[in-house]
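Enquirer: Structure incoming, see below.
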Amino acid sequence: MMSEKLLKEFNDQLRYEFESANYYLAMAGYCKDQDLEGFANFFLVQAEEERFHAMKFFNFIDETGGRIEISGFGDPQNDFSSLEDVFTAALKHERFVTSRINEMMDIAVQEKNYACVSFLNWFIDEQVEEEATMTGLINKLKRIGENNHAIYMLDNELAQRTFTPPAGEA
């Protein structure tokens, strides 16, 4: 069972995970508008991953006897100046999510809620991966600049991305 404070944070994070999915759908829409199907695929897969994260929170709240609360969120950014701008916005968002997860971990540790600590450890590891992925793509985009051939190659690479839930968590 979670304290009211921790339960509120978990329900807020449930909302943020669904909001993240919408952010990535908006980014996919921008990429589709630029005829960059591979980049769009990257963000569509990212949105699917965020919905998976949201459902992990949904199920954990339920399994620990908490009351699941679904709330709304604002409109995501839909316009960007470049691919680098899109990924910079994605990295900024992932850093926000990381700070949220860390705040929840601080509360869980303080309250000695070890079930929540265990659950949040998965997300801490996941956020390291998320930030590294976005940073790596930003670095690639900076290196290739306006080289259309290199953008085309990266677009083809990102078109191959798929989402596979971790084993035993489908």
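Chain labels follow the order of the structure tokens: the first chain is A, the next B, and so on; residue numbering restarts at 1 in every chain, and ligands are counted from 1 in their shown order.
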At most 12 Å is the cut-off: for each residue in region 117-142 of chain A with any atom that close to an atom of region 48-52 of chain A, write down the nearest atom pair and the distance in Å rounded to one decimal, counting only C-alpha atoms, chain first then increasing number, as a Markdown table.
Expert:
```
| residue | atom | partner | partner_atom | distance |
| --- | --- | --- | --- | --- |
| A:Phe123 | CA | A:Glu50 | CA | 11.3 |
| A:Glu126 | CA | A:Glu49 | CA | 10.7 |
| A:Gln127 | CA | A:Glu50 | CA | 11.4 |
| A:Glu130 | CA | A:Glu49 | CA | 10.5 |
```
Enquirer: Using the selection just defined, write its residues with C-alpha atoms as a JSON list (two decimals), in the first residue's frame.
Expert:
```
[["chain", "number", "residue", "atom", "x", "y", "z"],
["A", 123, "PHE", "CA", 12.25, 3.11, -14.68],
["A", 126, "GLU", "CA", 14.96, 2.86, -18.58],
["A", 127, "GLN", "CA", 15.53, 6.62, -18.31],
["A", 130, "GLU", "CA", 16.02, 6.97, -23.11]]
```
Enquirer: Which residues, written as a CSV table (one decimal) with C-alpha atoms, in the first residue's frame, have at least one atom at most 7 Å from Gly29 (chain A), with only C-alpha atoms counted and residues fewer than 4 positions away on the same chain left out?
Expert:
```
chain,number,residue,atom,x,y,z
A,25,LEU,CA,2.9,11.2,-31.7
A,33,ASP,CA,5.0,16.1,-42.8
A,40,ALA,CA,8.3,9.2,-37.9
```
Enquirer: Skip Tyr152 (chain A) itself and residues of its chain fewer than 6 positions away, then list as a ChimeraX atom specification all residues within 10 Å of it, counting only C-alpha atoms.
Expert: /A:36-39,158
Enquirer: Go through A:Gly72, A:Gly66, A:Pro166, A:Gly136 and flag the residue nearest Met1 (chain A), using only C-alpha atoms for the distances.
Expert: A:Gly66
Enquirer: Would you list the contacts of Lys5 (chain A) as an mmCIF file with N, CA and C atoms, in the first residue's frame, taking every protein, DNA or RNA residue within 12 Å and counting only C-alpha atoms, but skipping same-chain residues closer than 3 positions in sequence?
Expert:
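What ended up in around.cif:
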```
data_model
loop_
_atom_site.group_PDB
_atom_site.id
_atom_site.type_symbol
_atom_site.label_atom_id
_atom_site.label_comp_id
_atom_site.auth_asym_id
_atom_site.auth_seq_id
_atom_site.Cartn_x
_atom_site.Cartn_y
_atom_site.Cartn_z
ATOM 1 N N MET A 1 0.849 -1.184 0.000
ATOM 2 C CA MET A 1 0.000 0.000 0.000
ATOM 3 C C MET A 1 0.890 1.242 0.000
ATOM 4 N N MET A 2 0.443 2.236 -0.728
ATOM 5 C CA MET A 2 1.188 3.489 -0.821
ATOM 6 C C MET A 2 0.559 4.563 0.045
ATOM 7 N N LYS A 8 -0.423 9.834 -5.102
ATOM 8 C CA LYS A 8 -0.628 11.005 -5.965
ATOM 9 C C LYS A 8 0.483 11.111 -6.995
ATOM 10 N N GLU A 9 1.724 10.907 -6.566
ATOM 11 C CA GLU A 9 2.870 10.975 -7.494
ATOM 12 C C GLU A 9 2.773 9.890 -8.567
ATOM 13 N N PHE A 10 2.360 8.692 -8.175
ATOM 14 C CA PHE A 10 2.228 7.597 -9.139
ATOM 15 C C PHE A 10 1.112 7.888 -10.138
ATOM 16 N N ASN A 11 -0.011 8.413 -9.676
ATOM 17 C CA ASN A 11 -1.091 8.779 -10.596
ATOM 18 C C ASN A 11 -0.665 9.924 -11.513
ATOM 19 N N ASP A 12 0.087 10.882 -10.964
ATOM 20 C CA ASP A 12 0.610 11.957 -11.811
ATOM 21 C C ASP A 12 1.537 11.387 -12.874
ATOM 22 N N GLY A 66 -4.029 0.739 -4.711
ATOM 23 C CA GLY A 66 -4.275 2.171 -4.869
ATOM 24 C C GLY A 66 -5.428 2.454 -5.818
ATOM 25 N N GLU A 103 12.322 11.902 -8.211
ATOM 26 C CA GLU A 103 11.545 12.457 -7.096
ATOM 27 C C GLU A 103 10.689 11.380 -6.438
ATOM 28 N N MET A 104 10.063 10.543 -7.256
ATOM 29 C CA MET A 104 9.250 9.458 -6.695
ATOM 30 C C MET A 104 10.119 8.476 -5.922
ATOM 31 N N ASP A 106 12.893 9.191 -4.364
ATOM 32 C CA ASP A 106 13.234 9.842 -3.096
ATOM 33 C C ASP A 106 12.129 9.643 -2.065
ATOM 34 N N ILE A 107 10.882 9.814 -2.490
ATOM 35 C CA ILE A 107 9.746 9.651 -1.571
ATOM 36 C C ILE A 107 9.632 8.193 -1.130
ATOM 37 N N ALA A 108 9.747 7.266 -2.093
ATOM 38 C CA ALA A 108 9.620 5.843 -1.769
ATOM 39 C C ALA A 108 10.705 5.410 -0.778
ATOM 40 N N GLN A 110 12.350 7.418 1.335
ATOM 41 C CA GLN A 110 12.064 8.093 2.605
ATOM 42 C C GLN A 110 10.964 7.359 3.377
ATOM 43 N N GLU A 111 9.959 6.892 2.658
ATOM 44 C CA GLU A 111 8.843 6.199 3.303
ATOM 45 C C GLU A 111 9.113 4.705 3.515
ATOM 46 N N ASN A 113 9.120 2.383 1.378
ATOM 47 C CA ASN A 113 8.183 1.583 0.592
ATOM 48 C C ASN A 113 9.007 0.826 -0.447
#
```
Enquirer: Would you list the contacts of Glu19 (chain A) as a list of chain:residue names, taking every protein, DNA or RNA residue within 7 Å and counting only C-alpha atoms, but skipping same-chain residues closer than 4 positions in sequence?
Expert: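 With the cut-off at 7 Å, the set is A:Arg15, A:Tyr23, A:Phe73.
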Enquirer: Store the residues of this selection in a file with C-alpha atoms, as a PDB file, in the first residue's frame.
Expert:
```
ATOM      1  CA  ARG A  15      -0.663  10.897 -16.677  1.00  0.00           C
ATOM      2  CA  TYR A  23       4.390  14.279 -27.387  1.00  0.00           C
ATOM      3  CA  PHE A  73      -3.027  17.015 -20.097  1.00  0.00           C
TER       4      PHE A  73
END
```
Enquirer: Per DSSP on the backbone, filter chain A down to the residues in helix (DSSP H, G or I) and report them as an NGL selection string.
Expert: :A and (4-33 or 37-63 or 83-110 or 114-144 or 148-158)
Enquirer: Just the residues within 9 Å of region 89-97 of chain A, please, counting only C-alpha atoms, with nothing from its chain fewer than 6 positions along; format it as a JSON list (two decimals) with C-alpha atoms, in the first residue's frame.
Expert:
```json
[["chain", "number", "residue", "atom", "x", "y", "z"],
["A", 13, "GLN", "CA", 3.31, 9.85, -13.47],
["A", 16, "TYR", "CA", 2.85, 12.02, -17.68],
["A", 17, "GLU", "CA", 3.53, 8.70, -19.39],
["A", 20, "SER", "CA", 4.73, 11.51, -23.30],
["A", 23, "TYR", "CA", 4.39, 14.28, -27.39],
["A", 24, "TYR", "CA", 5.95, 11.55, -29.49],
["A", 27, "MET", "CA", 6.83, 14.53, -33.25],
["A", 77, "GLN", "CA", 4.33, 20.97, -29.33],
["A", 80, "PHE", "CA", 9.67, 22.27, -34.99],
["A", 127, "GLN", "CA", 15.53, 6.62, -18.31],
["A", 130, "GLU", "CA", 16.02, 6.97, -23.11],
["A", 131, "GLU", "CA", 18.35, 9.91, -22.54],
["A", 132, "ALA", "CA", 21.30, 8.10, -24.15],
["A", 133, "THR", "CA", 19.21, 7.30, -27.25],
["A", 134, "MET", "CA", 18.08, 10.89, -27.71],
["A", 135, "THR", "CA", 21.57, 12.27, -27.04],
["A", 138, "ILE", "CA", 21.20, 14.54, -31.59]]
```
Enquirer: Find the distance between CA of Lys32 (chain A) and CA of Lys140 (chain A) and write it in Å to one decimal.
Expert: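 CA of Lys140 (chain A) lies 19.9 Å from CA of Lys32 (chain A).
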Enquirer: Can you work out the spacing between CA of Ala47 (chain A) and CA of Asp35 (chain A) in Å, to one decimal?
Expert: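 One can read the CA of Ala47 (chain A) to CA of Asp35 (chain A) distance as 18.8 Å.
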Enquirer: Could you check how far CA of Arg161 (chain A) sits from CA of Gln46 (chain A), in Å to one decimal?
Expert: 9.5 Å
